[in-house]
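Everything on this sheet refers to the single structure shown next.
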Amino acid sequence: MSVTLYTSYAKGFLRSHELAALQPQVTAAHELLHSGNGLGNDFLGWVDLPVNYDKEEFARIEAAAARIRRDTDVFVVIGIGGSYLGARAVIEFLKSPNYNLLVKEAPQVVFAGNSISADAMNDVLALCEGKRVSVNVISKSGTTTEPAIAFRVFRDYLEKTVGKEEARRRIYVTTDRARGTLKELSDREGYETFVVPDDVGGRFSVLTAVGLLPVAVAGCDIAALMAGAAAAREAYTDPAIEVNDCYRYAAARHAMLRRGRAVELMVSYEPRYALMSEWWKQLYGESEGKDGKGLFPASVIFSTDLHSLGQFVQDGSNILFETVMQFDTPPSDLTIREEEENGDGLNFLAGKTMAEINRKAFEGTVLAHADGDTPSLVLQLPKMDEYNLGYLIYFFEKACAVSGYMLGVNPFDQPGVEAYKRNMFALLGKPGYESEREALEKRLGR
Ligand code: PA5
């Protein structure tokens, strides 16, 4: 097993009979998922994706990535939500949050179209100045406003700087197999396209072309990522929570919610994990937060945030529990050297590595938080590499689906995301939204 769940720092909150009492619900959720009879069952493509993926397309992704690595300085990835977070999270976890500053022989990978900020867009345009640029626009629906605006801007930029013909060669589109504005545009213009499968929702799509193309461009081993996910798929088929840590995690967070701990705080002591937490927040927030139910997913990086939010976690309102990511082997280490004068008084750390010190920070914190009535679940991973990350991604996806079914919600829809869009379109005067416009303007006092 690649991911191990420890519950010993949450003892008072997870008495063994409490977890055991949830087994029937876990088993029912497992059966709903595997029989395909649950809510949202037309979005279960992710379950077998690690083995059933399109091998011909996978080869095309690898070939396109190799080409982009040769002919591109800045690779602009346009997308939002599930069409953005996974790729960025994987790259930052496997390479570094400073990837673009450190990379020498490969393209920088920058992200656009994940907000409506002109300033953010202008920054990316400035980064492209004088560089060889390629663009990957990712949108399952092909109509999402943020990436659509960004694609219009970057298509125009490419056509003006390298001409229409070369721009066509430098645009890669990831979208629906057959439908949507983006697909129609791609067919018309002759862009190379990759597919977001019909039965895989945005937040479950990181192991499709949505995540794989940008991740491969950054030089990550996407075959190892898929192999890790395939191993997790094999590992989590038994519904019994005493042997299935994925389901035990789902049960444990459910038990926390029942005890009134409605906020799950994802913690990592590695800044590389920050974007993975963002990906996890979307996965769980969008899957569970509906029908007036669900845990609120939040995240911190320790020890950084121990100096800001630590006070609340230790001593504030008792609304949260922590899920702490631990990695046996960080990607690199550094030893503190002895200093004769010891002017800073740090010689008690001499000879120790920063990984050891970070481990002690974790141990000290988890015990202090337990004393402050904040329980922690701990998820341990042996290494921060592609295989283990693929495994972890599948672990979270499956635990999320089972958690959603345990709550009695449809884990695969997102009806609440539409409300702001309708208002925004009405206020912007999009054709078809005329009737809403007047009422909204009135509410805004105009
Ligand atoms: O998980 C989801 O469904 C959303 O986050 C979508 O991925 C996001 O809204 C982007 O949608 P699209 O890929 O259709 O542009």
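A note on labels: chains of the structure tokens are A, B, ... as shown, every chain counts residues from 1, and ligands are counted from 1 in their shown order.
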(message) Just want the 8 Å neighbourhood of Arg233 of chain A, counted on only C-alpha atoms, with same-chain residues fewer than 6 positions away dropped. Output as a list in words.
(response)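 Skipping anything fewer than 6 positions along the chain leaves Val47, Asp48, Pro50 and Tyr394 of chain A.
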(message) Taking only C-alpha atoms and all ligand atoms into account, which residues have an atom no farther than 10 Å from ligand 1? I'd like them as a ChimeraX atom specification.
(response) /A:78-86,113-114,137-148,174-176,180,182,196,200-205,210,279,282-283,286-287,412-415,417-418
Give me, as CSV, each residue of segment 55-79 of chain A that comes within 9 Å of segment 92-111 of chain A, together with its shortest interatomic pair and the distance in Å at one decimal, counting only C-alpha atoms, with rows ordered by chain and rising residue number.
```
residue,atom,partner,partner_atom,distance
A:Ile68,CA,A:Pro107,CA,7.7
A:Arg69,CA,A:Ala106,CA,5.4
A:Arg70,CA,A:Ala106,CA,7.4
A:Asp71,CA,A:Pro107,CA,8.6
A:Thr72,CA,A:Pro107,CA,5.7
A:Asp73,CA,A:Pro107,CA,4.3
A:Val74,CA,A:Gln108,CA,4.8
A:Phe75,CA,A:Val109,CA,4.8
A:Val76,CA,A:Val110,CA,5.0
A:Val77,CA,A:Phe111,CA,4.8
A:Ile78,CA,A:Phe111,CA,5.9
A:Gly79,CA,A:Phe111,CA,7.6
```
Please dump the current selection as a short mmCIF file (atom, residue, chain, number, x, y, z; two decimals), in the first residue's frame; keep N, CA, C and O atoms.
```cif
data_model
loop_
_atom_site.label_atom_id
_atom_site.label_comp_id
_atom_site.auth_asym_id
_atom_site.auth_seq_id
_atom_site.Cartn_x
_atom_site.Cartn_y
_atom_site.Cartn_z
N ILE A 68 6.48 19.87 -27.97
CA ILE A 68 6.37 21.16 -27.28
C ILE A 68 7.65 21.43 -26.49
O ILE A 68 8.13 22.57 -26.43
N ARG A 69 8.21 20.40 -25.90
CA ARG A 69 9.46 20.59 -25.14
C ARG A 69 10.61 21.03 -26.05
O ARG A 69 11.54 21.70 -25.62
N ARG A 70 10.52 20.67 -27.35
CA ARG A 70 11.56 21.08 -28.29
C ARG A 70 11.34 22.48 -28.84
O ARG A 70 12.27 23.26 -29.00
N ASP A 71 10.05 22.82 -29.10
CA ASP A 71 9.84 24.04 -29.91
C ASP A 71 9.21 25.20 -29.11
O ASP A 71 8.74 26.16 -29.70
N THR A 72 9.18 25.10 -27.77
CA THR A 72 8.44 26.09 -26.98
C THR A 72 9.26 26.57 -25.78
O THR A 72 9.94 25.78 -25.12
N ASP A 73 9.16 27.87 -25.51
CA ASP A 73 9.79 28.43 -24.30
C ASP A 73 8.74 28.61 -23.20
O ASP A 73 9.04 28.43 -22.02
N VAL A 74 7.53 29.05 -23.61
CA VAL A 74 6.46 29.26 -22.62
C VAL A 74 5.22 28.51 -23.08
O VAL A 74 4.70 28.76 -24.18
N PHE A 75 4.77 27.58 -22.25
CA PHE A 75 3.57 26.80 -22.57
C PHE A 75 2.44 27.36 -21.72
O PHE A 75 2.46 27.29 -20.50
N VAL A 76 1.45 27.97 -22.39
CA VAL A 76 0.34 28.61 -21.68
C VAL A 76 -0.83 27.63 -21.59
O VAL A 76 -1.37 27.20 -22.61
N VAL A 77 -1.17 27.27 -20.36
CA VAL A 77 -2.27 26.32 -20.14
C VAL A 77 -3.50 27.10 -19.69
O VAL A 77 -3.50 27.71 -18.62
N ILE A 78 -4.53 27.06 -20.52
CA ILE A 78 -5.75 27.84 -20.25
C ILE A 78 -6.86 26.91 -19.77
O ILE A 78 -7.21 25.95 -20.45
N GLY A 79 -7.40 27.20 -18.59
CA GLY A 79 -8.51 26.40 -18.06
C GLY A 79 -8.84 26.86 -16.66
O GLY A 79 -8.08 27.64 -16.05
#
```
(request) Pick out the residues sitting within 12 Å of Gln311 of chain A, and hand them over as a list of chain:residue names; count only C-alpha atoms, and ignore anything fewer than 6 positions along from it in its own chain. (result)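 Once the adjacent positions are removed, what remains is A:Asp305, A:Ser317, A:Thr365, A:Ala368, A:His369, A:Gly372, A:Thr374.
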(request) Would you mind writing down, as a ChimeraX atom specification, each residue of segment 19-252 of chain A that DSSP on the backbone assigns to strand (DSSP E or B)? (result) /A:74-78,108-112,133-139,171-175,192-195
Dump N, CA and C atoms for the selected residues as a PDB file, in the first residue's frame?
```pdb
ATOM      1  N   VAL A  74       7.528  29.049 -23.607  1.00  0.00           N
ATOM      2  CA  VAL A  74       6.456  29.260 -22.617  1.00  0.00           C
ATOM      3  C   VAL A  74       5.217  28.510 -23.085  1.00  0.00           C
ATOM      4  N   PHE A  75       4.774  27.584 -22.253  1.00  0.00           N
ATOM      5  CA  PHE A  75       3.574  26.799 -22.568  1.00  0.00           C
ATOM      6  C   PHE A  75       2.437  27.358 -21.722  1.00  0.00           C
ATOM      7  N   VAL A  76       1.451  27.967 -22.394  1.00  0.00           N
ATOM      8  CA  VAL A  76       0.344  28.613 -21.677  1.00  0.00           C
ATOM      9  C   VAL A  76      -0.827  27.633 -21.587  1.00  0.00           C
ATOM     10  N   VAL A  77      -1.168  27.275 -20.359  1.00  0.00           N
ATOM     11  CA  VAL A  77      -2.271  26.324 -20.145  1.00  0.00           C
ATOM     12  C   VAL A  77      -3.499  27.096 -19.693  1.00  0.00           C
ATOM     13  N   ILE A  78      -4.535  27.061 -20.519  1.00  0.00           N
ATOM     14  CA  ILE A  78      -5.749  27.844 -20.253  1.00  0.00           C
ATOM     15  C   ILE A  78      -6.857  26.912 -19.768  1.00  0.00           C
ATOM     16  N   GLN A 108       8.755  26.809 -19.758  1.00  0.00           N
ATOM     17  CA  GLN A 108       8.019  27.214 -18.568  1.00  0.00           C
ATOM     18  C   GLN A 108       6.566  26.831 -18.809  1.00  0.00           C
ATOM     19  N   VAL A 109       5.853  26.479 -17.738  1.00  0.00           N
ATOM     20  CA  VAL A 109       4.428  26.168 -17.876  1.00  0.00           C
ATOM     21  C   VAL A 109       3.667  27.194 -17.047  1.00  0.00           C
ATOM     22  N   VAL A 110       2.887  28.029 -17.726  1.00  0.00           N
ATOM     23  CA  VAL A 110       2.156  29.080 -17.006  1.00  0.00           C
ATOM     24  C   VAL A 110       0.652  28.880 -17.226  1.00  0.00           C
ATOM     25  N   PHE A 111      -0.132  29.378 -16.287  1.00  0.00           N
ATOM     26  CA  PHE A 111      -1.575  29.122 -16.323  1.00  0.00           C
ATOM     27  C   PHE A 111      -2.339  30.428 -16.529  1.00  0.00           C
ATOM     28  N   ALA A 112      -3.346  30.372 -17.382  1.00  0.00           N
ATOM     29  CA  ALA A 112      -4.176  31.548 -17.664  1.00  0.00           C
ATOM     30  C   ALA A 112      -5.634  31.104 -17.747  1.00  0.00           C
ATOM     31  N   VAL A 133       5.988  30.555 -28.020  1.00  0.00           N
ATOM     32  CA  VAL A 133       4.832  30.248 -27.165  1.00  0.00           C
ATOM     33  C   VAL A 133       3.963  29.160 -27.808  1.00  0.00           C
ATOM     34  N   SER A 134       3.495  28.226 -26.987  1.00  0.00           N
ATOM     35  CA  SER A 134       2.416  27.317 -27.421  1.00  0.00           C
ATOM     36  C   SER A 134       1.308  27.378 -26.382  1.00  0.00           C
ATOM     37  N   VAL A 135       0.103  27.032 -26.814  1.00  0.00           N
ATOM     38  CA  VAL A 135      -1.074  27.186 -25.959  1.00  0.00           C
ATOM     39  C   VAL A 135      -1.849  25.876 -25.896  1.00  0.00           C
ATOM     40  N   ASN A 136      -2.251  25.511 -24.685  1.00  0.00           N
ATOM     41  CA  ASN A 136      -3.183  24.381 -24.517  1.00  0.00           C
ATOM     42  C   ASN A 136      -4.448  24.917 -23.846  1.00  0.00           C
ATOM     43  N   VAL A 137      -5.538  24.982 -24.607  1.00  0.00           N
ATOM     44  CA  VAL A 137      -6.794  25.430 -23.998  1.00  0.00           C
ATOM     45  C   VAL A 137      -7.595  24.190 -23.623  1.00  0.00           C
ATOM     46  N   ILE A 138      -8.059  24.195 -22.360  1.00  0.00           N
ATOM     47  CA  ILE A 138      -8.752  23.011 -21.816  1.00  0.00           C
ATOM     48  C   ILE A 138     -10.133  23.433 -21.324  1.00  0.00           C
ATOM     49  N   SER A 139     -11.168  22.879 -21.927  1.00  0.00           N
ATOM     50  CA  SER A 139     -12.521  23.154 -21.438  1.00  0.00           C
ATOM     51  C   SER A 139     -13.435  22.041 -21.920  1.00  0.00           C
ATOM     52  N   ILE A 171      -1.319  25.533 -31.235  1.00  0.00           N
ATOM     53  CA  ILE A 171      -2.513  25.502 -30.375  1.00  0.00           C
ATOM     54  C   ILE A 171      -2.965  24.052 -30.198  1.00  0.00           C
ATOM     55  N   TYR A 172      -3.099  23.649 -28.951  1.00  0.00           N
ATOM     56  CA  TYR A 172      -3.553  22.288 -28.603  1.00  0.00           C
ATOM     57  C   TYR A 172      -4.840  22.444 -27.805  1.00  0.00           C
ATOM     58  N   VAL A 173      -5.863  21.713 -28.200  1.00  0.00           N
ATOM     59  CA  VAL A 173      -7.181  21.885 -27.577  1.00  0.00           C
ATOM     60  C   VAL A 173      -7.594  20.591 -26.867  1.00  0.00           C
ATOM     61  N   THR A 174      -8.000  20.712 -25.606  1.00  0.00           N
ATOM     62  CA  THR A 174      -8.521  19.553 -24.869  1.00  0.00           C
ATOM     63  C   THR A 174      -9.983  19.847 -24.547  1.00  0.00           C
ATOM     64  N   THR A 175     -10.877  19.072 -25.134  1.00  0.00           N
ATOM     65  CA  THR A 175     -12.307  19.361 -24.978  1.00  0.00           C
ATOM     66  C   THR A 175     -13.131  18.103 -25.242  1.00  0.00           C
ATOM     67  N   GLU A 192      -4.777  20.508 -33.163  1.00  0.00           N
ATOM     68  CA  GLU A 192      -4.694  19.150 -32.613  1.00  0.00           C
ATOM     69  C   GLU A 192      -5.578  19.086 -31.363  1.00  0.00           C
ATOM     70  N   THR A 193      -6.433  18.072 -31.262  1.00  0.00           N
ATOM     71  CA  THR A 193      -7.350  18.001 -30.116  1.00  0.00           C
ATOM     72  C   THR A 193      -7.139  16.739 -29.289  1.00  0.00           C
ATOM     73  N   PHE A 194      -7.415  16.898 -27.998  1.00  0.00           N
ATOM     74  CA  PHE A 194      -7.420  15.781 -27.054  1.00  0.00           C
ATOM     75  C   PHE A 194      -8.777  15.776 -26.361  1.00  0.00           C
ATOM     76  N   VAL A 195      -9.109  14.616 -25.788  1.00  0.00           N
ATOM     77  CA  VAL A 195     -10.498  14.419 -25.348  1.00  0.00           C
ATOM     78  C   VAL A 195     -10.662  14.413 -23.830  1.00  0.00           C
TER      79      VAL A 195
END
```
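For the set A:Tyr247, A:Tyr236, A:Tyr157, A:Tyr405, the residue with the smallest atom-to-atom gap to Glu288 of chain A is A:Tyr405, counting only C-alpha atoms.
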So which residues touch His17 of chain A within 12 Å, counting only C-alpha atoms, skipping near sequence neighbours fewer than 6 positions away, as a PDB file with N, CA and C atoms, in the first residue's frame?
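So part01.pdb came out as:
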```pdb
ATOM      1  N   LYS A  11      -7.898   9.751  18.584  1.00  0.00           N
ATOM      2  CA  LYS A  11      -8.502   8.649  19.359  1.00  0.00           C
ATOM      3  C   LYS A  11      -9.824   9.001  20.041  1.00  0.00           C
ATOM      4  N   GLN A  23     -19.562   0.944   9.107  1.00  0.00           N
ATOM      5  CA  GLN A  23     -19.274  -0.048   8.059  1.00  0.00           C
ATOM      6  C   GLN A  23     -20.476  -0.306   7.128  1.00  0.00           C
ATOM      7  N   ALA A 251     -14.823   7.021   6.161  1.00  0.00           N
ATOM      8  CA  ALA A 251     -15.611   6.794   7.382  1.00  0.00           C
ATOM      9  C   ALA A 251     -15.162   7.743   8.495  1.00  0.00           C
ATOM     10  N   ALA A 252     -13.853   7.933   8.612  1.00  0.00           N
ATOM     11  CA  ALA A 252     -13.321   8.779   9.697  1.00  0.00           C
ATOM     12  C   ALA A 252     -13.798  10.222   9.544  1.00  0.00           C
ATOM     13  N   ALA A 255     -17.358  10.425  10.523  1.00  0.00           N
ATOM     14  CA  ALA A 255     -17.522  10.386  11.993  1.00  0.00           C
ATOM     15  C   ALA A 255     -17.204  11.760  12.589  1.00  0.00           C
TER      16      ALA A 255
END
```
(request) Give the answer as one residue: which of A:Asp328, A:Asn244, A:Asn318, A:Asp199 has the shortest atom-to-atom distance to Gly40 of chain A, using only C-alpha atoms? (result)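 Using only C-alpha atoms, the shortest distance to Gly40 of chain A belongs to A:Asp199.
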(request) List every residue of segment 141-207 of chain A that DSSP, applied to the backbone of this structure, assigns to helix (DSSP H, G or I), and report them as a PyMOL selection string. (result) chain A and resi 145-162+164-170+181-189+202-204
Generate the output file for the selected residues, N, CA and C atoms, as a short mmCIF file (atom, residue, chain, number, x, y, z; two decimals), in the first residue's frame.
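out_24.cif was written with the following content:
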```
data_model
loop_
_atom_site.label_atom_id
_atom_site.label_comp_id
_atom_site.auth_asym_id
_atom_site.auth_seq_id
_atom_site.Cartn_x
_atom_site.Cartn_y
_atom_site.Cartn_z
N THR A 145 -16.64 30.86 -19.46
CA THR A 145 -16.28 32.24 -19.80
C THR A 145 -14.79 32.53 -19.61
N GLU A 146 -14.25 32.18 -18.44
CA GLU A 146 -12.87 32.56 -18.13
C GLU A 146 -11.88 32.02 -19.16
N PRO A 147 -11.87 30.68 -19.41
CA PRO A 147 -10.93 30.19 -20.43
C PRO A 147 -11.28 30.67 -21.83
N ALA A 148 -12.57 30.89 -22.11
CA ALA A 148 -12.94 31.36 -23.46
C ALA A 148 -12.33 32.74 -23.71
N ILE A 149 -12.39 33.62 -22.70
CA ILE A 149 -11.78 34.97 -22.86
C ILE A 149 -10.28 34.81 -23.06
N ALA A 150 -9.65 34.00 -22.22
CA ALA A 150 -8.19 33.84 -22.31
C ALA A 150 -7.79 33.27 -23.67
N PHE A 151 -8.57 32.32 -24.17
CA PHE A 151 -8.20 31.71 -25.45
C PHE A 151 -8.32 32.72 -26.58
N ARG A 152 -9.35 33.56 -26.51
CA ARG A 152 -9.48 34.60 -27.53
C ARG A 152 -8.24 35.50 -27.52
N VAL A 153 -7.79 35.86 -26.31
CA VAL A 153 -6.63 36.75 -26.18
C VAL A 153 -5.36 36.06 -26.69
N PHE A 154 -5.12 34.80 -26.30
CA PHE A 154 -3.86 34.15 -26.68
C PHE A 154 -3.85 33.67 -28.13
N ARG A 155 -5.04 33.34 -28.66
CA ARG A 155 -5.11 32.98 -30.09
C ARG A 155 -4.73 34.21 -30.91
N ASP A 156 -5.28 35.33 -30.52
CA ASP A 156 -5.00 36.59 -31.19
C ASP A 156 -3.50 36.92 -31.08
N TYR A 157 -2.95 36.73 -29.86
CA TYR A 157 -1.53 37.01 -29.62
C TYR A 157 -0.66 36.16 -30.56
N LEU A 158 -0.98 34.84 -30.60
CA LEU A 158 -0.18 33.94 -31.44
C LEU A 158 -0.31 34.30 -32.92
N GLU A 159 -1.55 34.55 -33.36
CA GLU A 159 -1.74 34.84 -34.78
C GLU A 159 -1.01 36.11 -35.18
N LYS A 160 -0.99 37.08 -34.25
CA LYS A 160 -0.30 38.35 -34.57
C LYS A 160 1.21 38.19 -34.54
N THR A 161 1.74 37.35 -33.64
CA THR A 161 3.20 37.26 -33.50
C THR A 161 3.83 36.25 -34.46
N VAL A 162 3.14 35.13 -34.74
CA VAL A 162 3.78 34.12 -35.61
C VAL A 162 2.98 33.82 -36.88
N LYS A 164 -1.02 33.05 -38.78
CA LYS A 164 -2.13 32.11 -38.57
C LYS A 164 -1.69 30.65 -38.72
N GLU A 165 -0.83 30.40 -39.71
CA GLU A 165 -0.41 29.02 -40.00
C GLU A 165 0.38 28.42 -38.83
N GLU A 166 1.38 29.18 -38.35
CA GLU A 166 2.21 28.71 -37.25
C GLU A 166 1.39 28.65 -35.95
N ALA A 167 0.48 29.62 -35.79
CA ALA A 167 -0.38 29.62 -34.59
C ALA A 167 -1.18 28.31 -34.55
N ARG A 168 -1.66 27.90 -35.69
CA ARG A 168 -2.46 26.66 -35.77
C ARG A 168 -1.65 25.47 -35.24
N ARG A 169 -0.38 25.43 -35.56
CA ARG A 169 0.52 24.34 -35.12
C ARG A 169 0.80 24.41 -33.62
N ARG A 170 0.67 25.60 -33.07
CA ARG A 170 1.05 25.82 -31.66
C ARG A 170 -0.14 25.82 -30.70
N THR A 181 -18.53 24.56 -28.62
CA THR A 181 -17.95 25.64 -29.44
C THR A 181 -16.47 25.40 -29.72
N LEU A 182 -15.76 24.94 -28.69
CA LEU A 182 -14.32 24.77 -28.84
C LEU A 182 -14.00 23.64 -29.82
N LYS A 183 -14.80 22.59 -29.77
CA LYS A 183 -14.60 21.46 -30.68
C LYS A 183 -14.87 21.92 -32.12
N GLU A 184 -15.95 22.70 -32.28
CA GLU A 184 -16.29 23.19 -33.64
C GLU A 184 -15.18 24.09 -34.18
N LEU A 185 -14.70 24.98 -33.29
CA LEU A 185 -13.63 25.89 -33.70
C LEU A 185 -12.36 25.10 -34.08
N SER A 186 -12.04 24.09 -33.29
CA SER A 186 -10.84 23.28 -33.56
C SER A 186 -10.96 22.56 -34.89
N ASP A 187 -12.14 21.99 -35.14
CA ASP A 187 -12.32 21.28 -36.41
C ASP A 187 -12.18 22.24 -37.58
N ARG A 188 -12.73 23.45 -37.38
CA ARG A 188 -12.65 24.45 -38.46
C ARG A 188 -11.21 24.89 -38.71
N GLU A 189 -10.48 25.09 -37.62
CA GLU A 189 -9.13 25.66 -37.74
C GLU A 189 -8.05 24.59 -37.91
N GLY A 202 -15.12 17.23 -14.53
CA GLY A 202 -13.93 18.09 -14.46
C GLY A 202 -13.01 17.78 -13.29
N ARG A 203 -13.56 17.70 -12.09
CA ARG A 203 -12.69 17.53 -10.91
C ARG A 203 -12.11 16.13 -10.79
N PHE A 204 -12.60 15.19 -11.62
CA PHE A 204 -12.05 13.83 -11.63
C PHE A 204 -11.17 13.60 -12.87
#
```
Kindly assemble as CSV a list of the segment 361-408 of chain A residues that lie within 12 Å of segment 213-230 of chain A, each paired with its nearest atom pair and their distance in Å to one decimal, using only C-alpha atoms, sorted first by chain and then by ascending residue number.
```
residue,atom,partner,partner_atom,distance
A:Lys383,CA,A:Gly228,CA,11.8
A:Met384,CA,A:Leu225,CA,11.4
A:Asp385,CA,A:Leu225,CA,8.4
A:Glu386,CA,A:Leu225,CA,4.6
A:Tyr387,CA,A:Gly228,CA,4.2
A:Asn388,CA,A:Gly228,CA,5.8
A:Leu389,CA,A:Leu225,CA,6.6
A:Gly390,CA,A:Leu225,CA,4.4
A:Tyr391,CA,A:Ala229,CA,4.3
A:Leu392,CA,A:Ala229,CA,7.4
A:Ile393,CA,A:Ala229,CA,6.9
A:Tyr394,CA,A:Ala229,CA,5.4
A:Phe395,CA,A:Ala229,CA,8.1
A:Phe396,CA,A:Ala229,CA,10.6
A:Glu397,CA,A:Ala229,CA,10.2
A:Lys398,CA,A:Ala229,CA,10.8
```
Suppose we keep N, CA and C atoms; can you now write the selection as an mmCIF file, in the first residue's frame?
```
data_model
loop_
_atom_site.group_PDB
_atom_site.id
_atom_site.type_symbol
_atom_site.label_atom_id
_atom_site.label_comp_id
_atom_site.auth_asym_id
_atom_site.auth_seq_id
_atom_site.Cartn_x
_atom_site.Cartn_y
_atom_site.Cartn_z
ATOM 1 N N LYS A 383 6.994 8.299 -0.760
ATOM 2 C CA LYS A 383 7.846 9.170 -1.590
ATOM 3 C C LYS A 383 7.017 10.193 -2.322
ATOM 4 N N MET A 384 7.645 11.312 -2.684
ATOM 5 C CA MET A 384 6.946 12.332 -3.457
ATOM 6 C C MET A 384 7.280 12.149 -4.944
ATOM 7 N N ASP A 385 6.845 11.028 -5.504
ATOM 8 C CA ASP A 385 7.139 10.785 -6.925
ATOM 9 C C ASP A 385 5.840 10.487 -7.686
ATOM 10 N N GLU A 386 5.989 10.250 -8.993
ATOM 11 C CA GLU A 386 4.820 10.093 -9.864
ATOM 12 C C GLU A 386 3.939 8.928 -9.419
ATOM 13 N N TYR A 387 4.578 7.785 -9.147
ATOM 14 C CA TYR A 387 3.807 6.589 -8.804
ATOM 15 C C TYR A 387 2.969 6.842 -7.547
ATOM 16 N N ASN A 388 3.603 7.365 -6.523
ATOM 17 C CA ASN A 388 2.880 7.595 -5.256
ATOM 18 C C ASN A 388 1.815 8.679 -5.401
ATOM 19 N N LEU A 389 2.090 9.668 -6.245
ATOM 20 C CA LEU A 389 1.092 10.714 -6.450
ATOM 21 C C LEU A 389 -0.131 10.172 -7.190
ATOM 22 N N GLY A 390 0.114 9.344 -8.211
ATOM 23 C CA GLY A 390 -1.008 8.718 -8.932
ATOM 24 C C GLY A 390 -1.858 7.902 -7.966
ATOM 25 N N TYR A 391 -1.175 7.195 -7.088
ATOM 26 C CA TYR A 391 -1.856 6.377 -6.080
ATOM 27 C C TYR A 391 -2.715 7.265 -5.180
ATOM 28 N N LEU A 392 -2.137 8.365 -4.730
ATOM 29 C CA LEU A 392 -2.837 9.283 -3.816
ATOM 30 C C LEU A 392 -4.052 9.935 -4.494
ATOM 31 N N ILE A 393 -3.879 10.301 -5.755
ATOM 32 C CA ILE A 393 -4.987 10.925 -6.494
ATOM 33 C C ILE A 393 -6.181 9.963 -6.528
ATOM 34 N N TYR A 394 -5.899 8.714 -6.854
ATOM 35 C CA TYR A 394 -6.999 7.731 -6.917
ATOM 36 C C TYR A 394 -7.598 7.514 -5.532
ATOM 37 N N PHE A 395 -6.736 7.460 -4.512
ATOM 38 C CA PHE A 395 -7.197 7.306 -3.119
ATOM 39 C C PHE A 395 -8.224 8.392 -2.795
ATOM 40 N N PHE A 396 -7.877 9.657 -3.101
ATOM 41 C CA PHE A 396 -8.784 10.764 -2.776
ATOM 42 C C PHE A 396 -10.064 10.707 -3.622
ATOM 43 N N GLU A 397 -9.912 10.366 -4.898
ATOM 44 C CA GLU A 397 -11.110 10.325 -5.751
ATOM 45 C C GLU A 397 -12.097 9.278 -5.235
ATOM 46 N N LYS A 398 -11.571 8.089 -4.909
ATOM 47 C CA LYS A 398 -12.498 7.025 -4.488
ATOM 48 C C LYS A 398 -13.096 7.336 -3.114
#
```
(request) Point out the residue among A:Ser303, A:Glu338, A:Ala209, A:Arg359 with the least atom-to-atom distance to Ala65 of chain A, counting only C-alpha atoms. (result) A:Ala209
Residues near Gly351 of chain A, anyone? I mean within 7 Å using only C-alpha atoms, not counting same-chain ones fewer than 5 positions away, as a PDB file with all heavy atoms, in the first residue's frame.
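Result file result.pdb:
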```
ATOM      1  N   THR A 335      21.528  19.663   5.554  1.00  0.00           N
ATOM      2  CA  THR A 335      21.994  19.429   6.929  1.00  0.00           C
ATOM      3  C   THR A 335      22.447  20.747   7.574  1.00  0.00           C
ATOM      4  O   THR A 335      23.124  21.564   6.938  1.00  0.00           O
ATOM      5  CB  THR A 335      23.172  18.420   6.919  1.00  0.00           C
ATOM      6  OG1 THR A 335      22.724  17.241   6.246  1.00  0.00           O
ATOM      7  CG2 THR A 335      23.615  18.059   8.331  1.00  0.00           C
ATOM      8  N   ILE A 336      22.051  20.947   8.828  1.00  0.00           N
ATOM      9  CA  ILE A 336      22.470  22.165   9.551  1.00  0.00           C
ATOM     10  C   ILE A 336      23.902  21.965  10.020  1.00  0.00           C
ATOM     11  O   ILE A 336      24.224  20.959  10.666  1.00  0.00           O
ATOM     12  CB  ILE A 336      21.563  22.407  10.791  1.00  0.00           C
ATOM     13  CG1 ILE A 336      20.079  22.351  10.415  1.00  0.00           C
ATOM     14  CG2 ILE A 336      21.932  23.720  11.491  1.00  0.00           C
ATOM     15  CD1 ILE A 336      19.599  23.409   9.470  1.00  0.00           C
ATOM     16  N   ARG A 337      24.772  22.928   9.703  1.00  0.00           N
ATOM     17  CA  ARG A 337      26.173  22.732  10.087  1.00  0.00           C
ATOM     18  C   ARG A 337      26.461  23.362  11.441  1.00  0.00           C
ATOM     19  O   ARG A 337      25.760  24.277  11.878  1.00  0.00           O
ATOM     20  CB  ARG A 337      27.115  23.241   8.990  1.00  0.00           C
ATOM     21  CG  ARG A 337      27.041  24.721   8.760  1.00  0.00           C
ATOM     22  CD  ARG A 337      28.003  25.178   7.686  1.00  0.00           C
ATOM     23  NE  ARG A 337      27.821  26.613   7.472  1.00  0.00           N
ATOM     24  CZ  ARG A 337      28.342  27.553   8.235  1.00  0.00           C
ATOM     25  NH1 ARG A 337      29.117  27.247   9.271  1.00  0.00           N
ATOM     26  NH2 ARG A 337      28.104  28.828   7.974  1.00  0.00           N
ATOM     27  N   GLU A 338      27.522  22.843  12.052  1.00  0.00           N
ATOM     28  CA  GLU A 338      28.000  23.334  13.357  1.00  0.00           C
ATOM     29  C   GLU A 338      28.667  24.694  13.143  1.00  0.00           C
ATOM     30  O   GLU A 338      29.312  24.910  12.125  1.00  0.00           O
ATOM     31  CB  GLU A 338      29.020  22.316  13.888  1.00  0.00           C
ATOM     32  CG  GLU A 338      29.739  22.714  15.145  1.00  0.00           C
ATOM     33  CD  GLU A 338      29.236  21.912  16.333  1.00  0.00           C
ATOM     34  OE1 GLU A 338      28.921  20.736  16.156  1.00  0.00           O
ATOM     35  OE2 GLU A 338      29.172  22.507  17.429  1.00  0.00           O
TER      36      GLU A 338
END
```
(message) I need the residue nearest Glu18 of chain A from this list: A:Ala59, A:Leu275, A:Ile241, A:Ala370. Use only C-alpha atoms for the distance.
(response)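 Closest to Glu18 of chain A of all the choices is A:Ile241.
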(message) Here is a test: counting only C-alpha atoms, which residue of A:His254, A:Glu242, A:Gly163, A:Ser35 is nearest to Ser16 of chain A?
(response)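 For Ser16 of chain A, the nearest of the given residues is A:Glu242.
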